[in-house]
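Peer 1: What follows is work-v5.cif, made up of mmCIF, C-alpha atoms:
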```
data_work
#
loop_
_atom_site.group_PDB
_atom_site.id
_atom_site.type_symbol
_atom_site.label_atom_id
_atom_site.label_comp_id
_atom_site.auth_asym_id
_atom_site.auth_seq_id
_atom_site.Cartn_x
_atom_site.Cartn_y
_atom_site.Cartn_z
ATOM 1 C CA MET A 116 -12.607 -22.977 51.300
ATOM 2 C CA SER A 117 -13.533 -24.317 47.865
ATOM 3 C CA THR A 118 -16.368 -26.601 46.796
ATOM 4 C CA VAL A 119 -15.661 -28.475 43.571
ATOM 5 C CA THR A 120 -18.351 -30.494 41.809
ATOM 6 C CA SER A 121 -18.179 -32.366 38.517
ATOM 7 C CA THR A 122 -20.862 -34.092 36.441
ATOM 8 C CA GLY A 123 -20.612 -36.330 33.393
ATOM 9 C CA ASN A 124 -17.417 -36.697 31.377
ATOM 10 C CA ILE A 125 -15.118 -33.685 31.725
ATOM 11 C CA SER A 126 -12.104 -34.926 29.743
ATOM 12 C CA ALA A 127 -12.764 -32.533 26.846
ATOM 13 C CA LEU A 128 -13.179 -29.615 29.262
ATOM 14 C CA LEU A 129 -9.875 -30.378 30.953
ATOM 15 C CA SER A 130 -8.066 -30.116 27.612
ATOM 16 C CA GLY A 131 -9.596 -26.697 26.907
ATOM 17 C CA VAL A 132 -7.200 -23.749 26.664
ATOM 18 C CA PRO A 133 -7.823 -20.637 28.823
ATOM 19 C CA GLY A 134 -6.718 -18.403 25.961
ATOM 20 C CA TRP A 135 -9.666 -19.599 23.865
ATOM 21 C CA PHE A 136 -12.056 -17.791 26.171
ATOM 22 C CA ASP A 137 -10.069 -14.557 26.138
ATOM 23 C CA ASP A 138 -10.005 -14.606 22.325
ATOM 24 C CA ALA A 139 -13.748 -15.345 22.067
ATOM 25 C CA GLN A 140 -14.553 -12.568 24.516
ATOM 26 C CA ILE A 141 -12.509 -10.063 22.537
ATOM 27 C CA THR A 142 -14.021 -11.139 19.202
ATOM 28 C CA ALA A 143 -17.628 -10.983 20.396
ATOM 29 C CA ALA A 144 -17.115 -7.803 22.424
ATOM 30 C CA ASN A 145 -15.548 -6.033 19.439
ATOM 31 C CA PHE A 146 -18.532 -7.025 17.289
ATOM 32 C CA TRP A 147 -20.910 -5.705 19.941
ATOM 33 C CA GLY A 148 -18.971 -2.472 20.455
ATOM 34 C CA ASP A 149 -18.653 -1.662 16.760
ATOM 35 C CA HIS A 150 -22.260 -2.423 15.861
ATOM 36 C CA PHE A 151 -23.677 -0.777 18.967
ATOM 37 C CA THR A 152 -21.806 2.432 18.060
ATOM 38 C CA TYR A 153 -22.800 2.226 14.385
ATOM 39 C CA GLY A 154 -26.406 1.502 15.345
ATOM 40 C CA ILE A 155 -26.702 4.462 17.707
ATOM 41 C CA ASP A 156 -25.183 6.745 15.060
ATOM 42 C CA ASP A 157 -27.551 5.378 12.397
ATOM 43 C CA PHE A 158 -30.622 5.847 14.572
ATOM 44 C CA PHE A 159 -29.907 9.436 15.552
ATOM 45 C CA SER A 160 -28.869 10.439 12.026
ATOM 46 C CA ASP A 161 -31.951 8.789 10.437
ATOM 47 C CA ASN A 162 -29.659 6.432 8.501
ATOM 48 C CA TYR A 163 -32.212 3.623 8.428
ATOM 49 C CA SER A 164 -35.447 2.356 6.909
ATOM 50 C CA GLU A 165 -38.518 1.557 9.003
ATOM 51 C CA ASN A 166 -40.130 -1.876 9.005
ATOM 52 C CA ILE A 167 -43.033 -0.500 11.044
ATOM 53 C CA THR A 168 -43.959 3.037 11.996
ATOM 54 C CA THR A 169 -41.666 4.179 14.798
ATOM 55 C CA THR A 170 -43.382 5.315 17.974
ATOM 56 C CA ASN A 171 -42.099 7.071 21.070
ATOM 57 C CA THR A 172 -41.507 3.678 22.708
ATOM 58 C CA TYR A 173 -40.615 1.232 19.895
ATOM 59 C CA ALA A 174 -38.717 1.108 16.615
ATOM 60 C CA ASP A 175 -38.044 -1.764 14.196
ATOM 61 C CA VAL A 176 -35.479 -0.467 11.717
ATOM 62 C CA ASP A 177 -32.873 -1.659 9.210
ATOM 63 C CA LEU A 178 -29.674 0.219 9.993
ATOM 64 C CA TYR A 179 -27.489 1.049 7.010
ATOM 65 C CA GLY A 180 -24.158 1.721 8.745
ATOM 66 C CA ALA A 181 -24.478 -1.193 11.175
ATOM 67 C CA ASN A 182 -25.708 -3.422 8.318
ATOM 68 C CA GLY A 183 -28.497 -5.136 10.205
ATOM 69 C CA ASN A 184 -31.907 -4.986 11.829
ATOM 70 C CA ALA A 185 -32.499 -3.433 15.253
ATOM 71 C CA GLN A 186 -35.551 -3.563 17.463
ATOM 72 C CA ILE A 187 -35.312 -0.652 19.892
ATOM 73 C CA THR A 188 -37.421 0.140 22.948
ATOM 74 C CA GLY A 189 -37.339 3.164 25.210
ATOM 75 C CA THR A 190 -39.063 6.468 25.853
ATOM 76 C CA GLY A 191 -39.157 9.654 23.794
ATOM 77 C CA LEU A 192 -37.697 7.945 20.718
ATOM 78 C CA LEU A 193 -39.330 10.502 18.414
ATOM 79 C CA GLY A 194 -38.434 13.489 20.575
ATOM 80 C CA SER A 195 -35.345 15.590 21.127
ATOM 81 C CA THR A 196 -34.762 14.007 24.555
ATOM 82 C CA GLY A 197 -35.359 10.461 25.708
ATOM 83 C CA THR A 198 -33.875 7.119 26.708
ATOM 84 C CA ILE A 199 -33.166 3.873 24.868
ATOM 85 C CA THR A 200 -33.523 0.942 27.269
ATOM 86 C CA ASN A 201 -33.144 -2.136 25.043
ATOM 87 C CA ILE A 202 -31.702 -2.996 21.626
ATOM 88 C CA ASP A 203 -31.902 -6.360 19.854
ATOM 89 C CA PHE A 204 -29.660 -6.378 16.779
ATOM 90 C CA THR A 205 -29.114 -9.049 14.123
ATOM 91 C CA GLY A 206 -26.905 -8.652 11.080
ATOM 92 C CA ASP A 207 -23.414 -8.603 9.596
ATOM 93 C CA GLY A 208 -22.880 -12.212 10.669
ATOM 94 C CA GLY A 209 -23.751 -11.784 14.326
ATOM 95 C CA SER A 210 -26.163 -10.452 16.929
ATOM 96 C CA PHE A 211 -26.226 -8.509 20.165
ATOM 97 C CA ASN A 212 -28.570 -7.443 22.931
ATOM 98 C CA PHE A 213 -28.179 -4.301 25.009
ATOM 99 C CA ASN A 214 -30.186 -3.679 28.156
ATOM 100 C CA GLY A 215 -29.579 -0.509 30.120
ATOM 101 C CA SER A 216 -29.920 3.189 29.452
ATOM 102 C CA VAL A 217 -28.798 5.389 26.561
ATOM 103 C CA LYS A 218 -29.871 8.910 27.472
ATOM 104 C CA PHE A 219 -29.948 11.471 24.702
ATOM 105 C CA GLY A 220 -30.804 15.135 24.288
ATOM 106 C CA THR A 221 -30.355 18.013 21.894
ATOM 107 C CA ASN A 222 -26.562 17.637 22.082
ATOM 108 C CA GLY A 223 -26.608 13.910 21.371
ATOM 109 C CA VAL A 224 -25.985 10.994 23.749
ATOM 110 C CA SER A 225 -25.304 12.201 27.288
ATOM 111 C CA SER A 226 -24.709 8.891 29.106
ATOM 112 C CA VAL A 227 -24.705 5.127 28.598
ATOM 113 C CA THR A 228 -25.179 2.674 31.473
ATOM 114 C CA ILE A 229 -25.423 -1.100 31.162
ATOM 115 C CA LYS A 230 -27.333 -3.777 33.037
ATOM 116 C CA SER A 231 -26.612 -6.513 30.502
ATOM 117 C CA ILE A 232 -24.870 -6.871 27.146
ATOM 118 C CA GLU A 233 -24.608 -9.998 25.022
ATOM 119 C CA GLY A 234 -22.848 -10.439 21.706
ATOM 120 C CA HIS A 235 -22.393 -13.386 19.333
ATOM 121 C CA LEU A 236 -20.319 -13.760 16.185
ATOM 122 C CA GLY A 237 -20.385 -17.224 14.678
ATOM 123 C CA SER A 238 -19.753 -19.819 17.395
ATOM 124 C CA GLU A 239 -18.189 -17.316 19.794
ATOM 125 C CA GLY A 240 -20.023 -15.059 22.205
ATOM 126 C CA PHE A 241 -20.151 -13.363 25.579
ATOM 127 C CA LEU A 242 -22.666 -12.136 28.147
ATOM 128 C CA MET A 243 -21.840 -9.497 30.764
ATOM 129 C CA GLN A 244 -24.168 -8.382 33.558
ATOM 130 C CA GLY A 245 -23.645 -5.881 36.347
ATOM 131 C CA SER A 246 -23.604 -2.161 37.012
ATOM 132 C CA LEU A 247 -21.564 -0.723 34.170
ATOM 133 C CA LYS A 248 -21.080 2.410 32.125
ATOM 134 C CA ILE A 249 -19.514 3.364 28.823
ATOM 135 C CA SER A 250 -17.192 6.323 28.425
ATOM 136 C CA GLN A 251 -14.417 7.243 26.021
ATOM 137 C CA GLY A 252 -12.149 4.950 28.024
ATOM 138 C CA GLY A 253 -14.394 1.930 27.356
ATOM 139 C CA ILE A 254 -16.553 -0.133 29.733
ATOM 140 C CA SER A 255 -16.039 0.319 33.481
ATOM 141 C CA GLY A 256 -17.904 -0.648 36.633
ATOM 142 C CA SER A 257 -18.805 -3.812 38.513
ATOM 143 C CA VAL A 258 -19.539 -7.186 36.864
ATOM 144 C CA THR A 259 -21.688 -9.778 38.651
ATOM 145 C CA ARG A 260 -21.855 -12.360 35.842
ATOM 146 C CA LEU A 261 -19.638 -13.014 32.839
ATOM 147 C CA VAL A 262 -20.278 -15.862 30.388
ATOM 148 C CA THR A 263 -18.107 -16.795 27.413
ATOM 149 C CA TYR A 264 -19.023 -19.248 24.634
ATOM 150 C CA THR A 265 -16.403 -20.914 22.422
ATOM 151 C CA HIS A 266 -15.303 -24.326 21.096
ATOM 152 C CA GLY A 267 -18.622 -25.824 22.213
ATOM 153 C CA MET A 268 -17.887 -24.828 25.827
ATOM 154 C CA THR A 269 -19.483 -22.328 28.179
ATOM 155 C CA LEU A 270 -17.434 -20.613 30.899
ATOM 156 C CA GLU A 271 -19.329 -18.662 33.578
ATOM 157 C CA TYR A 272 -17.944 -16.395 36.296
ATOM 158 C CA LEU A 273 -20.113 -15.159 39.164
ATOM 159 C CA GLY A 274 -19.051 -12.621 41.772
ATOM 160 C CA ASN A 275 -18.420 -8.904 42.050
ATOM 161 C CA PHE A 276 -15.388 -7.903 40.013
ATOM 162 C CA SER A 277 -14.170 -5.029 37.899
ATOM 163 C CA ALA A 278 -14.814 -4.763 34.169
ATOM 164 C CA ASP A 279 -11.536 -2.963 33.520
ATOM 165 C CA SER A 280 -9.024 -4.204 36.133
ATOM 166 C CA ASP A 281 -8.054 -7.271 38.204
ATOM 167 C CA SER A 282 -9.858 -6.060 41.339
ATOM 168 C CA GLY A 283 -12.857 -7.713 42.970
ATOM 169 C CA THR A 284 -13.930 -11.210 43.949
ATOM 170 C CA LEU A 285 -15.099 -14.326 42.107
ATOM 171 C CA SER A 286 -17.565 -16.582 43.942
ATOM 172 C CA LYS A 287 -18.169 -19.366 41.398
ATOM 173 C CA ILE A 288 -16.540 -20.593 38.191
ATOM 174 C CA THR A 289 -18.399 -23.111 36.014
ATOM 175 C CA LEU A 290 -17.273 -24.775 32.776
ATOM 176 C CA THR A 291 -19.748 -26.815 30.737
ATOM 177 C CA ASP A 292 -19.956 -28.680 27.443
ATOM 178 C CA ALA A 293 -22.318 -31.277 25.970
ATOM 179 C CA GLY A 294 -20.607 -34.081 27.895
ATOM 180 C CA GLY A 295 -20.306 -32.712 31.390
ATOM 181 C CA SER A 296 -19.458 -29.822 33.687
ATOM 182 C CA PHE A 297 -17.481 -28.817 36.712
ATOM 183 C CA SER A 298 -17.689 -25.868 39.062
ATOM 184 C CA ILE A 299 -15.488 -24.283 41.721
ATOM 185 C CA ALA A 300 -17.288 -22.246 44.377
ATOM 186 C CA GLY A 301 -15.683 -20.165 47.099
ATOM 187 C CA SER A 302 -14.255 -16.679 47.441
ATOM 188 C CA TYR A 303 -11.316 -15.821 45.229
ATOM 189 C CA SER A 304 -9.464 -12.629 44.564
ATOM 190 C CA ALA A 305 -9.916 -11.884 40.883
ATOM 191 C CA ALA A 306 -6.224 -11.014 40.683
ATOM 192 C CA THR A 307 -5.275 -14.419 42.175
ATOM 193 C CA TYR A 308 -7.498 -16.272 39.718
ATOM 194 C CA TYR A 309 -6.305 -14.316 36.688
ATOM 195 C CA ALA A 310 -2.710 -14.973 37.733
ATOM 196 C CA ALA A 311 -3.530 -18.694 37.962
ATOM 197 C CA ILE A 312 -4.860 -18.879 34.420
ATOM 198 C CA ASP A 313 -2.251 -16.575 32.901
ATOM 199 C CA GLY A 314 -0.023 -18.732 30.748
ATOM 200 C CA ALA A 315 -1.758 -22.006 31.722
ATOM 201 C CA GLY A 316 -1.613 -24.498 28.888
ATOM 202 C CA SER A 317 -4.949 -26.121 29.738
ATOM 203 C CA ILE A 318 -7.868 -26.009 32.140
ATOM 204 C CA ASP A 319 -6.358 -29.072 33.813
ATOM 205 C CA ASP A 320 -3.279 -26.972 34.643
ATOM 206 C CA VAL A 321 -5.482 -24.339 36.308
ATOM 207 C CA LEU A 322 -6.971 -26.990 38.621
ATOM 208 C CA ASN A 323 -3.473 -27.760 39.888
ATOM 209 C CA VAL A 324 -2.966 -24.233 41.248
ATOM 210 C CA ALA A 325 -2.877 -24.580 45.044
ATOM 211 C CA ALA A 326 -3.905 -20.937 45.549
ATOM 212 C CA LEU A 327 -7.449 -21.861 44.457
ATOM 213 C CA PHE A 328 -7.707 -24.492 47.199
ATOM 214 C CA VAL A 329 -6.573 -22.679 50.312
ATOM 215 C CA LYS A 330 -8.082 -24.851 53.065
ATOM 216 C CA ASP A 331 -10.929 -27.192 54.079
ATOM 217 C CA ASP A 332 -12.088 -27.949 50.542
ATOM 218 C CA THR A 333 -14.860 -30.305 49.435
ATOM 219 C CA LEU A 334 -14.436 -32.056 46.080
ATOM 220 C CA THR A 335 -17.229 -34.259 44.715
ATOM 221 C CA VAL A 336 -15.813 -35.507 41.433
ATOM 222 C CA ILE A 337 -17.483 -38.417 39.659
ATOM 223 C CA ASP A 338 -15.178 -38.349 36.611
ATOM 224 C CA GLY A 339 -11.883 -40.223 36.957
ATOM 225 C CA SER A 340 -10.212 -38.163 34.220
ATOM 226 C CA ARG A 341 -7.512 -36.626 36.427
ATOM 227 C CA ASP A 342 -5.712 -36.589 39.764
ATOM 228 C CA TRP A 343 -7.673 -34.416 42.207
ATOM 229 C CA HIS A 344 -5.796 -32.671 45.033
ATOM 230 C CA GLY A 345 -7.118 -31.048 48.198
ATOM 231 C CA PHE A 346 -3.790 -29.328 48.931
ATOM 232 C CA ALA A 347 -3.504 -27.821 52.424
ATOM 233 C CA GLY A 348 -6.373 -27.988 54.934
ATOM 234 C CA LYS A 349 -8.970 -30.401 56.242
ATOM 235 C CA ASP A 350 -10.366 -31.576 52.915
ATOM 236 C CA LYS A 351 -13.092 -33.981 51.850
ATOM 237 C CA LEU A 352 -12.708 -35.698 48.468
ATOM 238 C CA VAL A 353 -15.460 -37.963 47.122
ATOM 239 C CA GLY A 354 -15.133 -39.951 43.904
ATOM 240 C CA GLY A 355 -17.690 -41.676 41.716
ATOM 241 C CA ALA A 356 -18.218 -44.983 39.967
ATOM 242 C CA ASN A 357 -15.025 -44.723 37.908
ATOM 243 C CA GLY A 358 -11.481 -45.322 39.076
ATOM 244 C CA ASP A 359 -10.621 -42.143 40.981
ATOM 245 C CA SER A 360 -7.256 -40.682 41.952
ATOM 246 C CA LEU A 361 -7.752 -38.602 45.099
ATOM 247 C CA PHE A 362 -4.992 -36.894 47.077
ATOM 248 C CA GLY A 363 -5.651 -35.164 50.394
ATOM 249 C CA ASP A 364 -2.157 -33.639 50.704
ATOM 250 C CA ASP A 365 -1.514 -31.682 53.945
ATOM 251 C CA GLY A 366 -4.118 -31.718 56.745
ATOM 252 C CA ASN A 367 -6.589 -34.180 58.272
ATOM 253 C CA ASP A 368 -8.471 -35.283 55.178
ATOM 254 C CA THR A 369 -11.362 -37.628 54.388
ATOM 255 C CA LEU A 370 -11.227 -39.521 51.075
ATOM 256 C CA ASN A 371 -14.008 -41.746 49.728
ATOM 257 C CA GLY A 372 -13.427 -43.441 46.390
ATOM 258 C CA ASN A 373 -16.862 -45.118 46.116
ATOM 259 C CA ASP A 374 -17.122 -47.663 43.266
ATOM 260 C CA GLY A 375 -14.233 -48.452 40.936
ATOM 261 C CA ALA A 376 -10.526 -49.153 41.303
ATOM 262 C CA ASP A 377 -9.448 -46.051 43.205
ATOM 263 C CA ASP A 378 -6.085 -44.612 44.125
ATOM 264 C CA LEU A 379 -6.297 -42.781 47.466
ATOM 265 C CA ASP A 380 -3.463 -40.930 49.189
ATOM 266 C CA GLY A 381 -4.214 -38.915 52.300
ATOM 267 C CA GLY A 382 -0.810 -37.221 52.418
ATOM 268 C CA THR A 383 0.446 -35.855 55.744
ATOM 269 C CA GLY A 384 -1.985 -35.582 58.659
ATOM 270 C CA ASP A 385 -4.566 -37.814 60.377
ATOM 271 C CA ASP A 386 -6.568 -38.986 57.367
ATOM 272 C CA THR A 387 -9.602 -41.236 56.821
ATOM 273 C CA LEU A 388 -9.629 -43.282 53.611
ATOM 274 C CA ASP A 389 -12.493 -45.409 52.241
ATOM 275 C CA GLY A 390 -11.913 -47.031 48.870
ATOM 276 C CA GLY A 391 -15.480 -48.337 48.533
ATOM 277 C CA THR A 392 -16.110 -51.301 46.238
ATOM 278 C CA GLY A 393 -13.659 -52.122 43.483
#
```
So, in terms of structure tokens, how does the structure I just supplied come out?

Peer 2:
Amino acid sequence: MSTVTSTGNISALLSGVPGWFDDAQITAANFWGDHFTYGIDDFFSDNYSENITTTNTYADVDLYGANGNAQITGTGLLGSTGTITNIDFTGDGGSFNFNGSVKFGTNGVSSVTIKSIEGHLGSEGFLMQGSLKISQGGISGSVTRLVTYTHGMTLEYLGNFSADSDSGTLSKITLTDAGGSFSIAGSYSAATYYAAIDGAGSIDDVLNVAALFVKDDTLTVIDGSRDWHGFAGKDKLVGGANGDSLFGDDGNDTLNGNDGADDLDGGTGDDTLDGGTG
């Protein structure tokens, strides 16, 4: 069961390209990864200048290798063993925040775990939250929230899904820009969703994938920018003040166009149609 809701004008969002978000994620994540690594190396090799006197719990330093400023909090920062819990970095054209745990000892860094990382480079950025760790193989673990920023749009995934594979579940997908937004809420296999967006030419194409609307869906869509389909199941589709195109497809569906010149098609099944005024 899916619940789809739209607000405002979503025509620009529908023309967005899924590949934009992958590219932005890679760009921002590479910036974060490179500068996080450089920054840790700088701090532990004293390759920096202090803006204030460093204490056991706080440092404000200009990092030479990472080419930027870092504000670092933790415990035991002046000792041979301790933990970094937060880093705010700005420089080299971008910024990042790390929140988690970098444990270090006499042999260097022993472990890195992540609660939240966020990186921005120019107009592109990403935010990842969950229970994660860094090893030589990269980032692994469970993600509960992933946000990507690009082309003036914000794409947010909520759920419990893997950082390094297609496993797990998505519970809500939201796409927003200055003009409007839409969201899809339900329970989706991450692998099914990734397969749906793989090779899609636009966001509008993704919304035509029947696998995302398995049964008994509710669509409340006030923007008449596209044809909305319920696909199989007992669906409820509600339009807005504009001219809506609503299709129930298979199943006993309920369609309500509300105001505007609407085009309603219940498809097969025992359907209830109300065009409203217009």

Peer 1: Measure the distance from CA of Ala293 (chain A) to CA of Met116 (chain A) in Å and round it to one decimal.

Peer 2: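 According to the coordinates, CA of Ala293 (chain A) and CA of Met116 (chain A) are separated by 28.4 Å.
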
Peer 1: Determine, counting all atoms listed in the file, which protein, DNA and RNA residues have an atom within 8 Å of an atom of Ala306 (chain A); residues of the same chain fewer than 4 positions away are not included. Present the result as a PyMOL selection string.

Peer 2: chain A and resi 281-283+310

Peer 1: One number please: CA of Phe346 (chain A) to CA of Ser277 (chain A), in Å, one decimal.

Peer 2: 28.6 Å

Peer 1: Rounded to one decimal in Å, what is the spacing between CA of Gly390 (chain A) and CA of Asp331 (chain A)?

Peer 2: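 Atom-to-atom, CA of Gly390 (chain A) to CA of Asp331 (chain A), that is 20.5 Å.
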
Peer 1: For Asp359 (chain A), please output as a PDB file with C-alpha atoms, in the frame of the given file all residues within 10 Å (counting all atoms listed in the file; exclusion window: fewer than 3 positions along the same chain).

Peer 2:
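Produced file out.pdb, reproduced below:
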```pdb
ATOM      1  CA  VAL A 336     -15.813 -35.507  41.433  1.00  0.00           C
ATOM      2  CA  ILE A 337     -17.483 -38.417  39.659  1.00  0.00           C
ATOM      3  CA  ASP A 338     -15.178 -38.349  36.611  1.00  0.00           C
ATOM      4  CA  GLY A 339     -11.883 -40.223  36.957  1.00  0.00           C
ATOM      5  CA  SER A 340     -10.212 -38.163  34.220  1.00  0.00           C
ATOM      6  CA  ARG A 341      -7.512 -36.626  36.427  1.00  0.00           C
ATOM      7  CA  ASP A 342      -5.712 -36.589  39.764  1.00  0.00           C
ATOM      8  CA  TRP A 343      -7.673 -34.416  42.207  1.00  0.00           C
ATOM      9  CA  VAL A 353     -15.460 -37.963  47.122  1.00  0.00           C
ATOM     10  CA  GLY A 354     -15.133 -39.951  43.904  1.00  0.00           C
ATOM     11  CA  GLY A 355     -17.690 -41.676  41.716  1.00  0.00           C
ATOM     12  CA  ALA A 356     -18.218 -44.983  39.967  1.00  0.00           C
ATOM     13  CA  PHE A 362      -4.992 -36.894  47.077  1.00  0.00           C
ATOM     14  CA  ASN A 371     -14.008 -41.746  49.728  1.00  0.00           C
ATOM     15  CA  GLY A 372     -13.427 -43.441  46.390  1.00  0.00           C
ATOM     16  CA  ASN A 373     -16.862 -45.118  46.116  1.00  0.00           C
ATOM     17  CA  ASP A 374     -17.122 -47.663  43.266  1.00  0.00           C
ATOM     18  CA  GLY A 375     -14.233 -48.452  40.936  1.00  0.00           C
ATOM     19  CA  ALA A 376     -10.526 -49.153  41.303  1.00  0.00           C
ATOM     20  CA  ASP A 377      -9.448 -46.051  43.205  1.00  0.00           C
ATOM     21  CA  ASP A 378      -6.085 -44.612  44.125  1.00  0.00           C
ATOM     22  CA  LEU A 379      -6.297 -42.781  47.466  1.00  0.00           C
ATOM     23  CA  GLY A 390     -11.913 -47.031  48.870  1.00  0.00           C
TER      24      GLY A 390
END
```

Peer 1: Could you tell me which residues the PyMOL selection byres ((chain A and resi 128) around 9) grabs in this file, written as a list in words?

Peer 2: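 After applying the PyMOL selection byres ((chain A and resi 128) around 9), what remains is Asn124, Ile125, Ser126, Ala127, Leu129, Ser130, Gly131, Val132, Met268, Leu290, Thr291, Asp292, Gly294, Gly295, Ser296, Phe297, Ser317, Ile318 and Asp319 of chain A.
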
Peer 1: I'd like to see the residues matched by the PyMOL selection byres ((chain A and resi 158-172) around 6) on this file, and ideally I'd get them as a VMD selection string.

Peer 2: chain A and resid 155 to 157 173 to 179 188 to 193

Peer 1: Could you list, as a count of residues only, every residue within 10 Å of Ser302 (chain A), counting all atoms listed in the file and ignoring same-chain residues fewer than 4 positions away?

Peer 2: 8

Peer 1: Excluding Phe146 (chain A) and any residue of its chain fewer than 3 positions from it, enumerate the residues within 12 Å of it, using only C-alpha atoms, and give them as a PyMOL selection string.

Peer 2: chain A and resi 139-143+149-154+181+204-212+232-237+239-241

Peer 1: Do you know which residues lie at most 10 Å from (-9.8, -14.4, 36.1), with coordinates as in the file and all atoms listed in the file counted, and could you write them as a short mmCIF file (atom, residue, chain, number, x, y, z; two decimals) with C-alpha atoms, keeping the file's coordinate frame?

Peer 2:
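Everything below was put into result_17.cif:
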```cif
data_model
loop_
_atom_site.label_atom_id
_atom_site.label_comp_id
_atom_site.auth_asym_id
_atom_site.auth_seq_id
_atom_site.Cartn_x
_atom_site.Cartn_y
_atom_site.Cartn_z
CA PRO A 133 -7.82 -20.64 28.82
CA ASP A 137 -10.07 -14.56 26.14
CA TYR A 272 -17.94 -16.40 36.30
CA PHE A 276 -15.39 -7.90 40.01
CA ASP A 281 -8.05 -7.27 38.20
CA SER A 282 -9.86 -6.06 41.34
CA THR A 284 -13.93 -11.21 43.95
CA LEU A 285 -15.10 -14.33 42.11
CA ILE A 288 -16.54 -20.59 38.19
CA TYR A 303 -11.32 -15.82 45.23
CA SER A 304 -9.46 -12.63 44.56
CA ALA A 305 -9.92 -11.88 40.88
CA ALA A 306 -6.22 -11.01 40.68
CA THR A 307 -5.28 -14.42 42.18
CA TYR A 308 -7.50 -16.27 39.72
CA TYR A 309 -6.30 -14.32 36.69
CA ALA A 310 -2.71 -14.97 37.73
CA ALA A 311 -3.53 -18.69 37.96
CA ILE A 312 -4.86 -18.88 34.42
CA ASP A 313 -2.25 -16.58 32.90
#
```

Peer 1: Using all atoms listed in the file, which of the listed residues (A:Ser298, A:Thr265, A:Thr122, A:Ser360) sits closest to Asp138 (chain A)?

Peer 2: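 Closest to Asp138 (chain A) of all the choices is A:Thr265.
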
Peer 1: Run the PyMOL selection byres ((chain A and resi 385) around 8) on the file and write out the hits as a list in words.

Peer 2: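 Here the PyMOL selection byres ((chain A and resi 385) around 8) matches Gly366, Asn367, Asp368, Thr383, Gly384, Asp386 and Thr387 of chain A.
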
Peer 1: Produce a file of the selected residues containing C-alpha atoms, as a compact mmCIF listing (two decimals), in the coordinates of the input.

Peer 2:
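result24.txt written:
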```
# COMPACT_ATOMS: atom_id res chain seq x y z
CA GLY A 366 -4.12 -31.72 56.74
CA ASN A 367 -6.59 -34.18 58.27
CA ASP A 368 -8.47 -35.28 55.18
CA THR A 383 0.45 -35.85 55.74
CA GLY A 384 -1.98 -35.58 58.66
CA ASP A 386 -6.57 -38.99 57.37
CA THR A 387 -9.60 -41.24 56.82
```

Peer 1: Pick the closest to Asp389 (chain A) from A:Asn214, A:Asn323, A:Thr120, A:Thr369: which is it, counting only C-alpha atoms?

Peer 2: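 Looking at the shortest contact to Asp389 (chain A), the residue is A:Thr369.
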
Peer 1: Taking (-39.0, -8.1, 22.0) in the file's coordinates as the center, which residues reach within 9 Å of it, counting only C-alpha atoms, put as a PyMOL selection string?

Peer 2: chain A and resi 186-188+201-203
